[in-house]
$ cat entry.cif   # mmCIF, C-alpha atoms
data_structure
#
loop_
_atom_site.label_atom_id
_atom_site.label_comp_id
_atom_site.auth_asym_id
_atom_site.auth_seq_id
_atom_site.Cartn_x
_atom_site.Cartn_y
_atom_site.Cartn_z
CA MET R 82 -0.01 29.99 -5.33
CA THR R 83 1.53 32.37 -2.88
CA ALA R 84 4.97 32.57 -4.40
CA ASN R 85 5.01 36.33 -4.20
CA VAL R 86 4.82 36.23 -0.44
CA PHE R 87 8.21 34.53 -0.42
CA PRO R 88 10.35 36.21 -3.03
CA THR R 89 13.30 33.89 -2.49
CA ALA R 90 12.99 30.71 -4.45
CA ALA R 91 13.30 28.50 -1.42
CA PRO R 92 14.07 28.77 2.27
CA ALA R 93 17.51 27.96 3.55
CA VAL R 94 16.86 24.38 4.46
CA PHE R 95 18.85 22.09 6.66
CA CYS R 96 17.89 18.61 5.68
CA SER R 97 19.44 16.12 7.99
CA ILE R 98 19.16 12.41 8.18
CA VAL R 99 16.31 10.88 10.09
CA PRO R 100 17.38 7.36 10.91
CA PRO R 101 16.85 4.81 9.67
CA HIS R 102 15.88 6.22 6.33
CA ILE R 103 15.46 9.62 4.94
CA LEU R 104 15.16 12.01 2.15
CA ASP R 105 18.19 14.21 2.57
CA ARG R 106 19.02 17.46 0.86
CA VAL R 107 16.32 17.04 -1.66
CA ALA R 108 15.83 20.72 -2.23
CA ARG R 109 18.93 22.81 -1.74
CA ALA R 110 18.68 26.53 -1.79
CA ASP R 111 21.65 26.89 -4.11
CA ASP R 112 20.28 24.77 -6.90
CA THR R 113 16.62 25.47 -6.51
CA VAL R 114 16.35 27.49 -9.69
CA LEU R 115 17.95 24.72 -11.68
CA ALA R 116 15.87 22.11 -9.95
CA GLU R 117 12.72 24.06 -10.63
CA ARG R 118 13.68 24.49 -14.26
CA ALA R 119 14.45 20.80 -14.57
CA ARG R 120 11.16 19.91 -12.97
CA ARG R 121 9.24 22.09 -15.39
CA THR R 122 11.11 20.52 -18.26
CA LEU R 123 10.24 17.08 -17.02
CA GLU R 124 6.61 18.03 -16.69
CA HIS R 125 6.64 19.52 -20.16
CA ASP R 126 8.20 16.36 -21.54
CA ALA R 127 5.61 14.29 -19.76
CA ARG R 128 2.86 16.36 -21.35
CA LEU R 129 4.40 15.85 -24.75
CA ARG R 130 4.69 12.14 -24.16
CA THR R 131 1.10 12.06 -23.04
CA ALA R 132 0.04 13.83 -26.20
CA ARG R 133 2.05 11.47 -28.37
CA ALA R 134 0.75 8.40 -26.63
CA THR R 135 -2.85 9.47 -26.86
CA THR R 136 -2.60 10.46 -30.49
CA ALA R 137 -1.07 7.06 -31.16
CA GLY R 138 -4.53 5.60 -30.76
CA PRO R 139 -5.78 2.60 -28.82
CA GLY R 140 -2.27 1.37 -28.21
CA THR R 141 -2.04 3.78 -25.28
CA ARG R 142 -0.10 2.03 -22.61
CA THR R 143 -2.15 0.89 -19.72
CA ALA R 144 -1.05 -1.05 -16.70
CA ALA R 145 -3.40 -3.97 -17.15
CA PRO R 146 -5.78 -5.52 -19.63
CA ALA R 147 -9.30 -4.20 -19.62
CA PRO R 148 -11.71 -6.09 -17.40
CA SER R 149 -13.52 -8.93 -19.08
CA PRO R 150 -17.17 -8.36 -19.96
CA GLU R 151 -18.35 -11.47 -18.13
CA GLY R 152 -19.99 -11.29 -14.75
CA THR R 153 -22.21 -8.39 -15.71
CA ASP R 154 -24.58 -9.29 -12.89
CA LYS R 155 -21.90 -7.76 -10.70
CA PRO R 156 -21.00 -4.58 -12.55
CA GLN R 157 -18.30 -2.29 -11.32
CA GLN R 158 -18.70 1.43 -10.97
CA ARG R 159 -15.53 3.43 -11.34
CA THR R 160 -15.20 7.19 -11.32
CA ILE R 161 -11.96 9.10 -11.77
CA TYR R 162 -11.66 12.71 -10.68
CA ASP R 163 -9.07 15.39 -11.38
CA ALA R 164 -8.02 17.34 -8.29
CA HIS R 165 -6.31 19.93 -10.57
CA HIS R 166 -3.25 20.05 -8.30
CA GLY R 167 -5.33 21.30 -5.42
CA ASN R 168 -6.20 19.72 -2.10
CA GLY R 169 -9.96 19.60 -2.47
CA LEU R 170 -11.42 16.11 -2.90
CA PRO R 171 -12.62 14.53 -5.00
CA GLY R 172 -12.24 17.28 -7.67
CA THR R 173 -14.04 17.24 -11.00
CA LYS R 174 -15.21 14.04 -12.66
CA VAL R 175 -13.17 13.21 -15.75
CA ARG R 176 -14.03 9.59 -16.51
CA GLY R 177 -16.93 7.42 -15.41
CA GLU R 178 -17.68 3.72 -15.82
CA GLY R 179 -17.70 2.72 -19.46
CA GLY R 180 -16.43 6.12 -20.53
CA ASP R 181 -13.84 6.44 -23.28
CA ALA R 182 -10.18 6.90 -22.50
CA VAL R 183 -9.24 10.54 -22.09
CA ASP R 184 -6.15 12.53 -23.07
CA ASP R 185 -4.64 12.24 -19.62
CA ILE R 186 -2.70 9.08 -18.97
CA PRO R 187 -2.91 9.07 -15.15
CA VAL R 188 -6.71 9.17 -15.43
CA ASN R 189 -6.69 6.12 -17.69
CA ARG R 190 -4.15 4.28 -15.57
CA ALA R 191 -6.23 4.85 -12.45
CA TYR R 192 -9.36 3.68 -14.26
CA THR R 193 -7.65 0.53 -15.52
CA GLY R 194 -6.02 -0.13 -12.16
CA LEU R 195 -9.32 0.07 -10.32
CA GLY R 196 -10.70 -2.42 -12.82
CA ALA R 197 -7.77 -4.80 -12.39
CA THR R 198 -8.21 -4.70 -8.61
CA PHE R 199 -11.96 -5.27 -8.91
CA GLU R 200 -11.27 -8.24 -11.18
CA LEU R 201 -8.84 -9.95 -8.81
CA TYR R 202 -11.19 -9.70 -5.85
CA LEU R 203 -14.21 -10.84 -7.86
CA ARG R 204 -12.62 -13.64 -9.89
CA ALA R 205 -10.21 -15.06 -7.34
CA TYR R 206 -12.17 -14.54 -4.12
CA GLN R 207 -15.75 -13.86 -5.25
CA ARG R 208 -15.63 -10.54 -3.45
CA TYR R 209 -17.85 -7.91 -5.03
CA SER R 210 -15.82 -4.71 -4.80
CA ILE R 211 -14.22 -3.20 -1.71
CA ASP R 212 -17.06 -3.80 0.72
CA GLY R 213 -18.24 -7.07 -0.82
CA ALA R 214 -21.48 -5.34 -1.81
CA GLY R 215 -20.51 -3.49 -4.98
CA LEU R 216 -19.22 -0.27 -3.47
CA PRO R 217 -18.48 2.28 -6.21
CA MET R 218 -14.73 2.87 -6.56
CA ASN R 219 -13.50 6.43 -6.76
CA ALA R 220 -10.06 7.86 -7.31
CA SER R 221 -8.62 11.34 -7.66
CA VAL R 222 -5.48 12.06 -9.65
CA HIS R 223 -3.29 15.19 -9.83
CA TYR R 224 -3.70 15.77 -6.09
CA ALA R 225 -1.74 18.73 -4.70
CA GLN R 226 1.52 19.97 -6.19
CA GLU R 227 4.70 17.93 -6.60
CA TYR R 228 3.04 15.48 -4.28
CA ASN R 229 5.10 12.36 -3.57
CA ASN R 230 2.38 10.12 -2.27
CA ALA R 231 -0.81 8.15 -2.73
CA PHE R 232 -3.26 7.34 0.03
CA TRP R 233 -6.68 5.98 0.94
CA ASN R 234 -8.74 8.58 2.79
CA GLY R 235 -11.35 6.16 4.09
CA GLU R 236 -13.59 6.66 1.07
CA GLN R 237 -11.46 6.91 -2.05
CA MET R 238 -7.97 6.70 -3.50
CA VAL R 239 -5.82 9.78 -3.94
CA PHE R 240 -2.76 10.03 -6.23
CA GLY R 241 -0.06 12.65 -6.43
CA ASP R 242 1.94 13.35 -9.58
CA GLY R 243 5.30 13.02 -7.84
CA ASP R 244 7.88 15.78 -7.92
CA GLY R 245 9.67 14.47 -11.01
CA ARG R 246 12.95 14.60 -9.09
CA LEU R 247 12.62 11.47 -6.97
CA PHE R 248 9.15 10.20 -7.71
CA ASN R 249 7.09 9.73 -10.83
CA ASP R 250 3.33 9.84 -10.99
CA PHE R 251 1.90 7.41 -8.45
CA THR R 252 -0.56 5.84 -10.90
CA ILE R 253 2.42 4.29 -12.71
CA ALA R 254 2.53 1.22 -10.49
CA LEU R 255 -0.50 -1.07 -10.69
CA ASP R 256 0.34 -2.64 -7.33
CA VAL R 257 0.07 0.81 -5.72
CA ILE R 258 -3.53 1.02 -6.91
CA GLY R 259 -4.24 -2.48 -5.60
CA HIS R 260 -2.50 -1.51 -2.36
CA GLU R 261 -4.68 1.54 -1.75
CA LEU R 262 -7.95 -0.23 -2.58
CA THR R 263 -6.97 -3.07 -0.27
CA HIS R 264 -6.81 -0.54 2.56
CA GLY R 265 -10.50 -0.16 1.80
CA VAL R 266 -11.05 -3.93 1.91
CA THR R 267 -9.25 -4.12 5.24
CA GLN R 268 -11.32 -1.22 6.54
CA TYR R 269 -14.50 -3.18 5.75
CA THR R 270 -13.21 -6.47 7.20
CA ALA R 271 -10.50 -6.95 9.85
CA ASN R 272 -10.15 -3.18 10.24
CA LEU R 273 -6.67 -3.55 11.69
CA ASP R 274 -5.48 -0.62 13.79
CA TYR R 275 -3.02 1.46 11.82
CA ASN R 276 -0.12 1.40 14.23
CA GLY R 277 2.50 -1.01 15.53
CA GLN R 278 2.23 -4.65 14.46
CA SER R 279 -1.47 -4.47 13.54
CA GLY R 280 -0.61 -1.47 11.39
CA ALA R 281 2.27 -3.36 9.77
CA LEU R 282 -0.18 -6.21 9.06
CA ASN R 283 -2.60 -3.68 7.55
CA GLU R 284 0.23 -2.42 5.34
CA SER R 285 1.42 -5.92 4.49
CA LEU R 286 -2.06 -7.03 3.40
CA SER R 287 -2.13 -4.05 1.05
CA ASP R 288 1.26 -5.01 -0.37
CA VAL R 289 0.25 -8.67 -0.69
CA PHE R 290 -2.98 -8.03 -2.56
CA GLY R 291 -1.46 -5.10 -4.45
CA SER R 292 1.21 -7.46 -5.76
CA LEU R 293 -1.42 -10.10 -6.51
CA VAL R 294 -3.41 -7.57 -8.55
CA LYS R 295 -0.32 -7.04 -10.68
CA GLN R 296 0.46 -10.75 -10.95
CA TYR R 297 -3.15 -11.60 -11.86
CA ALA R 298 -3.30 -8.86 -14.50
CA LYS R 299 -0.01 -10.00 -16.01
CA GLY R 300 -0.79 -13.69 -15.70
CA GLN R 301 2.43 -14.30 -13.79
CA SER R 302 3.10 -17.29 -11.60
CA ALA R 303 4.76 -16.89 -8.20
CA ARG R 304 8.11 -17.72 -9.75
CA GLN R 305 7.68 -15.30 -12.64
CA ALA R 306 6.59 -12.40 -10.46
CA ASP R 307 9.09 -9.74 -9.39
CA TRP R 308 7.49 -9.32 -5.94
CA LEU R 309 8.36 -5.63 -6.00
CA ILE R 310 6.11 -2.89 -4.65
CA GLY R 311 6.13 0.39 -6.53
CA GLU R 312 8.36 -0.53 -9.42
CA GLY R 313 8.64 2.50 -11.73
CA LEU R 314 7.80 5.05 -9.04
CA PHE R 315 11.38 6.21 -8.62
CA THR R 316 12.84 8.48 -11.28
CA SER R 317 16.04 7.45 -13.00
CA ARG R 318 17.97 9.64 -10.55
CA VAL R 319 17.28 7.21 -7.72
CA SER R 320 19.38 4.10 -7.21
CA GLY R 321 16.65 1.60 -6.60
CA VAL R 322 14.26 -0.73 -8.40
CA ALA R 323 11.17 -0.13 -6.26
CA LEU R 324 9.99 0.96 -2.81
CA ARG R 325 9.83 -2.50 -1.29
CA SER R 326 10.67 -6.09 -2.14
CA MET R 327 8.60 -8.93 -0.71
CA LYS R 328 11.08 -11.48 -1.99
CA ALA R 329 14.08 -9.76 -0.43
CA PRO R 330 12.98 -7.08 2.04
CA GLY R 331 15.65 -4.43 2.57
CA THR R 332 17.05 -4.59 -0.98
CA ALA R 333 14.66 -2.41 -3.00
CA TYR R 334 16.83 0.72 -2.96
CA ASP R 335 20.13 2.04 -1.71
CA ASP R 336 20.48 5.66 -2.66
CA ASP R 337 22.54 8.68 -1.61
CA GLN R 338 19.44 10.79 -1.06
CA LEU R 339 16.97 8.21 0.13
CA GLY R 340 19.23 6.03 2.20
CA LYS R 341 18.78 2.29 2.18
CA ASP R 342 15.55 0.29 2.15
CA PRO R 343 15.00 -0.28 5.90
CA GLN R 344 12.67 -3.28 5.73
CA PRO R 345 13.48 -6.33 7.83
CA ALA R 346 12.75 -9.84 6.58
CA ASP R 347 12.49 -11.47 10.01
CA MET R 348 11.76 -10.78 13.67
CA ASP R 349 15.46 -10.65 14.59
CA HIS R 350 15.60 -7.38 12.67
CA TYR R 351 12.25 -5.91 13.76
CA VAL R 352 12.56 -2.11 13.89
CA HIS R 353 11.32 -0.33 17.01
CA THR R 354 10.41 3.25 16.16
CA ASP R 355 7.82 5.90 16.97
CA ARG R 356 7.80 7.20 13.44
CA ASP R 357 5.43 6.10 10.72
CA ASN R 358 2.88 4.88 13.28
CA GLY R 359 5.47 2.58 14.74
CA GLY R 360 7.13 1.64 11.46
CA VAL R 361 4.07 0.26 9.68
CA HIS R 362 5.82 0.60 6.30
CA ILE R 363 9.02 -0.91 7.70
CA ASN R 364 8.02 -3.98 9.70
CA SER R 365 5.48 -4.96 7.05
CA GLY R 366 8.53 -6.55 5.45
CA ILE R 367 8.23 -9.48 7.86
CA PRO R 368 4.68 -10.63 7.01
CA ASN R 369 5.35 -9.64 3.38
CA HIS R 370 8.23 -12.07 3.25
CA ALA R 371 6.19 -14.78 4.98
CA PHE R 372 3.58 -14.51 2.24
CA TYR R 373 6.25 -14.67 -0.45
CA LEU R 374 7.70 -17.81 1.14
CA VAL R 375 4.30 -19.53 1.18
CA ALA R 376 3.64 -18.59 -2.45
CA GLU R 377 7.12 -19.67 -3.52
CA ALA R 378 6.81 -23.01 -1.71
CA LEU R 379 3.42 -23.79 -3.23
CA GLY R 380 4.32 -22.64 -6.75
CA GLY R 381 1.74 -21.92 -9.41
CA ASN R 382 -0.27 -18.72 -9.17
CA ALA R 383 0.19 -16.90 -5.89
CA TRP R 384 -3.37 -15.56 -5.87
CA GLU R 385 -4.75 -19.10 -5.78
CA ARG R 386 -3.77 -21.06 -2.65
CA ALA R 387 -1.45 -18.62 -0.87
CA GLY R 388 -3.69 -15.67 -1.69
CA GLN R 389 -6.80 -17.61 -0.67
CA ILE R 390 -5.33 -18.40 2.75
CA TRP R 391 -4.44 -14.75 3.31
CA TYR R 392 -7.85 -13.63 2.02
CA ASP R 393 -9.62 -16.07 4.34
CA THR R 394 -7.54 -14.73 7.22
CA LEU R 395 -8.35 -11.12 6.39
CA THR R 396 -12.07 -11.67 5.99
CA GLY R 397 -12.71 -14.60 8.33
CA GLY R 398 -13.70 -12.55 11.36
CA GLN R 399 -11.02 -14.17 13.51
CA LEU R 400 -8.63 -11.23 13.73
CA ALA R 401 -8.84 -8.66 16.49
CA ARG R 402 -8.32 -5.05 15.41
CA ASP R 403 -5.11 -4.98 17.42
CA ALA R 404 -3.87 -8.36 16.14
CA GLN R 405 -0.11 -8.86 16.47
CA PHE R 406 2.11 -10.81 14.04
CA THR R 407 1.72 -14.03 16.01
CA ASP R 408 -2.08 -13.66 16.11
CA PHE R 409 -2.12 -13.21 12.36
CA ALA R 410 0.25 -16.13 11.81
CA LYS R 411 -1.94 -18.43 13.91
CA ALA R 412 -5.00 -17.27 11.98
CA THR R 413 -3.30 -18.15 8.67
CA VAL R 414 -2.56 -21.62 10.06
CA ARG R 415 -6.22 -22.09 10.97
CA ALA R 416 -7.30 -20.76 7.58
CA ALA R 417 -4.93 -23.09 5.72
CA ARG R 418 -6.13 -26.10 7.70
CA ALA R 419 -9.81 -25.16 7.31
CA ARG R 420 -9.62 -24.81 3.55
CA TYR R 421 -6.95 -27.35 2.55
CA GLY R 422 -6.61 -29.75 5.48
CA GLU R 423 -3.24 -31.26 6.42
CA GLY R 424 -1.02 -30.88 3.42
CA ALA R 425 1.42 -28.77 1.47
CA GLU R 426 -0.52 -25.56 2.14
CA LEU R 427 -0.45 -25.95 5.92
CA ASP R 428 3.14 -27.09 5.80
CA GLY R 429 4.12 -24.10 3.69
CA VAL R 430 2.42 -21.65 6.05
CA LEU R 431 4.06 -23.16 9.14
CA LYS R 432 7.51 -23.14 7.55
CA ALA R 433 7.18 -19.57 6.29
CA TRP R 434 6.33 -18.13 9.69
CA SER R 435 9.05 -20.19 11.28
CA GLN R 436 11.57 -18.82 8.79
CA VAL R 437 10.69 -15.20 9.58
CA GLY R 438 10.68 -15.91 13.31
CA VAL R 439 6.99 -15.50 14.10
CA ALA R 440 5.50 -18.09 16.45
CA THR R 441 2.43 -20.03 15.36
CA LYS R 442 1.97 -22.02 18.58
CA MET A 90 12.36 32.01 14.83
CA ARG A 91 13.35 28.46 13.98
CA ILE A 92 10.61 26.45 12.30
CA HIS A 93 11.17 22.72 12.25
CA VAL A 94 8.99 20.31 10.27
CA THR A 95 9.10 16.52 10.39
CA ARG A 96 7.11 14.39 7.99
CA THR A 97 6.66 10.67 8.47
CA GLY A 98 4.46 7.97 6.94
CA GLY A 99 3.37 8.02 3.33
CA PHE A 100 3.24 5.09 0.92
CA ALA A 101 7.02 5.00 0.71
CA GLY A 102 7.48 5.21 4.48
CA LEU A 103 10.27 7.75 3.99
CA SER A 104 10.79 10.33 6.74
CA ARG A 105 11.96 13.86 6.09
CA HIS A 106 12.71 16.81 8.27
CA ALA A 107 13.99 20.29 7.69
CA GLU A 108 14.34 23.58 9.51
CA VAL A 109 14.19 27.22 8.58
CA ASP A 110 15.84 29.88 10.72
CA THR A 111 14.14 33.16 9.92
CA SER A 112 16.63 35.42 11.72
CA GLY A 113 18.15 37.90 9.32
CA ARG A 114 15.80 37.01 6.53
CA ALA A 115 14.04 39.77 4.68
CA ASP A 116 10.87 37.71 4.60
CA ALA A 117 10.93 36.84 8.31
CA PRO A 118 7.66 38.68 9.06
CA GLN A 119 5.82 36.59 6.47
CA TRP A 120 7.30 33.39 7.91
CA HIS A 121 6.26 34.38 11.42
CA ALA A 122 2.73 35.21 10.35
CA LEU A 123 2.43 31.94 8.47
CA ALA A 124 3.85 29.91 11.35
CA ASP A 125 1.49 31.57 13.83
CA ARG A 126 -1.52 30.72 11.70
CA ALA A 127 -0.33 27.15 11.12
CA LEU A 128 0.25 26.57 14.82
CA ALA A 129 -3.07 28.09 15.83
CA ASP A 130 -4.91 25.31 13.97
CA GLY A 131 -2.60 22.46 15.00
CA ARG A 132 -3.31 19.73 17.49
CA GLY A 133 -1.48 18.98 20.71
CA THR A 134 -1.42 15.25 19.97
CA PRO A 135 -0.89 13.43 16.66
CA PRO A 136 -4.18 12.90 14.81
CA LYS A 137 -5.02 9.39 13.64
CA GLY A 138 -4.47 10.18 9.99
CA VAL A 139 -5.35 7.88 7.08
CA PRO A 140 -3.60 4.82 5.61
CA ASP A 141 -0.48 5.91 3.74
CA GLY A 142 -1.17 9.57 4.58
CA PHE A 143 1.67 11.87 5.56
CA GLN A 144 1.88 12.96 9.20
CA TYR A 145 3.53 16.21 10.18
CA THR A 146 5.08 17.66 13.32
CA ILE A 147 5.70 21.41 13.40
CA THR A 148 7.95 22.81 16.13
CA VAL A 149 8.82 26.46 16.61
CA ASP A 150 11.87 27.49 18.65
CA ASP A 151 12.00 24.04 20.30
CA ASP A 152 9.09 25.30 22.32
CA ARG A 153 5.73 25.01 20.64
CA THR A 154 4.85 21.76 18.86
CA VAL A 155 1.69 20.90 16.96
CA TYR A 156 0.65 17.93 14.85
CA CYS A 157 -1.39 17.55 11.70
CA ALA A 158 -1.99 14.85 9.08
CA ASP A 159 -3.09 14.53 5.49
CA PRO A 160 -5.59 15.15 4.10
CA HIS A 161 -6.80 17.49 6.85
CA LEU A 162 -4.24 20.28 6.78
CA THR A 163 -5.31 23.90 6.80
CA ASP A 164 -4.07 26.00 3.90
CA GLU A 165 -1.53 27.65 6.19
CA GLN A 166 -0.23 24.33 7.51
CA ARG A 167 0.11 22.98 3.98
CA GLN A 168 1.92 26.10 2.83
CA LEU A 169 4.27 26.04 5.79
CA VAL A 170 5.25 22.37 5.61
CA SER A 171 5.63 22.58 1.86
CA ARG A 172 7.95 25.58 2.09
CA VAL A 173 10.04 24.25 4.94
CA LEU A 174 10.44 20.78 3.42
CA GLY A 175 10.91 22.22 -0.06
CA GLU A 176 8.52 19.65 -1.41
CA GLY A 177 4.88 19.51 -2.42
CA ALA A 178 2.26 18.90 0.23
#
$ encode --input "entry.cif" --output "structure tokens"
Amino acid sequence: MTANVFPTAAPAVFCSIVPPHILDRVARADDTVLAERARRTLEHDARLRTARATTAGPGTRTAAPAPSPEGTDKPQQRTIYDAHHGNGLPGTKVRGEGGDAVDDIPVNRAYTGLGATFELYLRAYQRYSIDGAGLPMNASVHYAQEYNNAFWNGEQMVFGDGDGRLFNDFTIALDVIGHELTHGVTQYTANLDYNGQSGALNESLSDVFGSLVKQYAKGQSARQADWLIGEGLFTSRVSGVALRSMKAPGTAYDDDQLGKDPQPADMDHYVHTDRDNGGVHINSGIPNHAFYLVAEALGGNAWERAGQIWYDTLTGGQLARDAQFTDFAKATVRAARARYGEGAELDGVLKAWSQVGVATK
Amino acid sequence: MRIHVTRTGGFAGLSRHAEVDTSGRADAPQWHALADRALADGRGTPPKGVPDGFQYTITVDDDRTVYCADPHLTDEQRQLVSRVLGEGA
């Protein structure tokens, strides 16, 4: 910490709105002391809750059931590290494969979430870990300070604790864990360029399989699922249910500080922007919604037929790294026909892309 | 010296920007030294970054602009963007 270098609690900050969505006036100079005090209180409360939960025994809340013991010929290898609020990766090892739960809930949530993601890929798609060849899965928690993000660095997952003002700990949402690991799967398969439409497809695939990890772990059908991404990440101060909605893109939040969820649901509302690698987290709403429509039309479990078509598309070797929405849509049509022939699956895929305005011919 | 920081990307896809004007501030020399060090290690074009990683643009006096991206920030860059944005980095 270098707090002594800057004796004032915070710089005089002008936070102004960056269209189309923003964090505005998050840290005002005039209430920084209060905000800091509140943050510390929240952290203290979280520590107390952690202590209570862990002393409560095996009932410690986890995001998903433990992986089943079957399939031991394809064992998983998870390692969770603690970055100790620094920026060095991976940090120190705190839980390895088969290790007991520890007194740090984010560590256990990350461990369980990696397992849930491993299970979906293995059971539903016979994919053995991220690279299909049993790649060990690593994650670091407690990255940096007040860090409002989680990311995939090309080798491992990284989770921040959130600032406690807007965001909670990023291990809270199981679909976020599935999302980050799916960036790894994409890296080893279609390797879609992370900008523009190919970047939005890369993001959408992470949302799709992230949501499917959650649905699979909870045993939810397409109609039971909430189709939200990042539910629970916002603190109670934010007016919003999640970061994104695949069922109704653009409706996940509408908040004084954060602005409104900017995701479009169709090509008529595609957002042209230089930011965020060309709006990869914005325009992903379009293919996200297409997947939802397919899953909703087919009914049953979304990871089965709808998920299989998307998985075949991702891993089939037919996508160029710079694939655009229409390239991806056509590839899903081919994948649906190849696996299921002419039928409800193909029909559902064609109708979904038509509804969101992406050409398949 | 006016130090402007823009952050885009991240899992949430939320953009933020903020500016600090150091004129008249008692700690202006420290800000200037920090900004100089942060700019010295910045890039002239945006780095590729990583999926869901934050990307930063640092501009001083509407004149000098450098780019950096998580997780490859120098300590000075991280300190500067964190202090200007008033949020962890």
$ resolve_selection --input "entry.cif" --expression "the PyMOL selection byres ((chain A and resi 92) around 10)" --output "JSON, numbers by chain"
{"A": [90, 91, 93, 94, 107, 108, 109, 110, 111, 120, 121, 124, 147, 148, 149, 150, 151, 153, 154, 169, 170, 173]}
$ resolve_selection --input "entry.cif" --expression "the PyMOL selection byres ((chain A and resi 161) around 12)" --output "tab-separated table (two decimals) with C-alpha atoms, in the coordinates of the input"
chain	number	residue	atom	x	y	z
R	168	ASN	CA	-6.20	19.72	-2.10
R	169	GLY	CA	-9.96	19.60	-2.47
R	170	LEU	CA	-11.42	16.11	-2.90
R	234	ASN	CA	-8.74	8.58	2.79
A	130	ASP	CA	-4.91	25.31	13.97
A	131	GLY	CA	-2.60	22.46	15.00
A	132	ARG	CA	-3.31	19.73	17.49
A	136	PRO	CA	-4.18	12.90	14.81
A	137	LYS	CA	-5.02	9.39	13.64
A	138	GLY	CA	-4.47	10.18	9.99
A	139	VAL	CA	-5.35	7.88	7.08
A	142	GLY	CA	-1.17	9.57	4.58
A	143	PHE	CA	1.67	11.87	5.56
A	144	GLN	CA	1.88	12.96	9.20
A	145	TYR	CA	3.53	16.21	10.18
A	156	TYR	CA	0.65	17.93	14.85
A	157	CYS	CA	-1.39	17.55	11.70
A	158	ALA	CA	-1.99	14.85	9.08
A	159	ASP	CA	-3.09	14.53	5.49
A	160	PRO	CA	-5.59	15.15	4.10
A	162	LEU	CA	-4.24	20.28	6.78
A	163	THR	CA	-5.31	23.90	6.80
A	164	ASP	CA	-4.07	26.00	3.90
A	165	GLU	CA	-1.53	27.65	6.19
A	166	GLN	CA	-0.23	24.33	7.51
A	167	ARG	CA	0.11	22.98	3.98
A	178	ALA	CA	2.26	18.90	0.23
$ axis_aligned_box --input "entry.cif" --around "range 131-142 of chain A" --padding-each-side "4 Å" --output "AutoDock Vina command-line options"
--center_x -2.9 --center_y 13.6 --center_z 12.2 --size_x 12.9 --size_y 25.6 --size_z 25.0
$ closest_residue --input "entry.cif" --among "R:Tyr206, R:Tyr192, R:Tyr297, R:Tyr224" --to "chain A" --atoms "all atoms listed in the file"
R:Tyr224
$ resolve_selection --input "entry.cif" --expression "the PyMOL selection byres ((chain R and resi 250) around 10)" --output "list of chain:residue names"
R:Pro187, R:Val222, R:His223, R:Glu227, R:Tyr228, R:Asn229, R:Asn230, R:Ala231, R:Phe240, R:Gly241, R:Asp242, R:Gly243, R:Asp244, R:Gly245, R:Phe248, R:Asn249, R:Phe251, R:Thr252, R:Ile253, R:Ala254, R:Gly313, R:Leu314, R:Phe315, R:Thr316
$ atom_distance --input "entry.cif" --atom1 "CA of Ala378 in chain R" --atom2 "CA of Ala303 in chain R"
9.2 Å
$ closest_residue --input "entry.cif" --among "R:Gln296, R:Gln226, R:Asn364, R:Gln278" --to "Gln168 in chain A" --atoms "all atoms listed in the file"
R:Gln226
$ closest_residue --input "entry.cif" --among "A:Ala122, A:Ala115, A:Thr134, A:Gly175" --to "chain R" --atoms "only C-alpha atoms"
A:Gly175
$ residues_around --input "entry.cif" --residues "range 283-292 of chain R" --least-positions-apart "6" --cutoff "6 Å" --atoms "only C-alpha atoms" --output "PyMOL selection string"
chain R and resi 256+259-260+263+273+365+369
$ residues_around --input "entry.cif" --residues "Leu395 in chain R" --least-positions-apart "4" --cutoff "10 Å" --atoms "only C-alpha atoms" --output "list of chain:residue names"
R:Val266, R:Thr267, R:Thr270, R:Ala271, R:Asn272, R:Leu273, R:Leu282, R:Asn283, R:Leu286, R:Gln389, R:Ile390, R:Trp391, R:Gln399, R:Leu400, R:Phe409, R:Ala412, R:Thr413, R:Ala416
$ atom_distance --input "entry.cif" --atom1 "CA of Gly265 in chain R" --atom2 "CA of Ala440 in chain R"
28.1 Å
$ closest_residue --input "entry.cif" --among "R:Thr407, R:Thr160, R:Thr173, R:Thr193" --to "Ile258 in chain R" --atoms "only C-alpha atoms"
R:Thr193
$ atom_distance --input "entry.cif" --atom1 "CA of Phe372 in chain R" --atom2 "CA of Ala387 in chain R"
7.2 Å
$ closest_residue --input "entry.cif" --among "R:His362, R:Lys174, R:Arg246, R:Arg159" --to "chain A" --atoms "only C-alpha atoms"
R:His362
$ closest_residue --input "entry.cif" --among "R:Leu195, R:Ala205, R:Ala298, R:Val361" --to "chain A" --atoms "all atoms listed in the file"
R:Val361
$ residues_around --input "entry.cif" --residues "Lys442 in chain R" --least-positions-apart "2" --cutoff "10 Å" --atoms "all atoms listed in the file" --output "ChimeraX atom specification"
/R:407-408,410-411,414,431,439-440
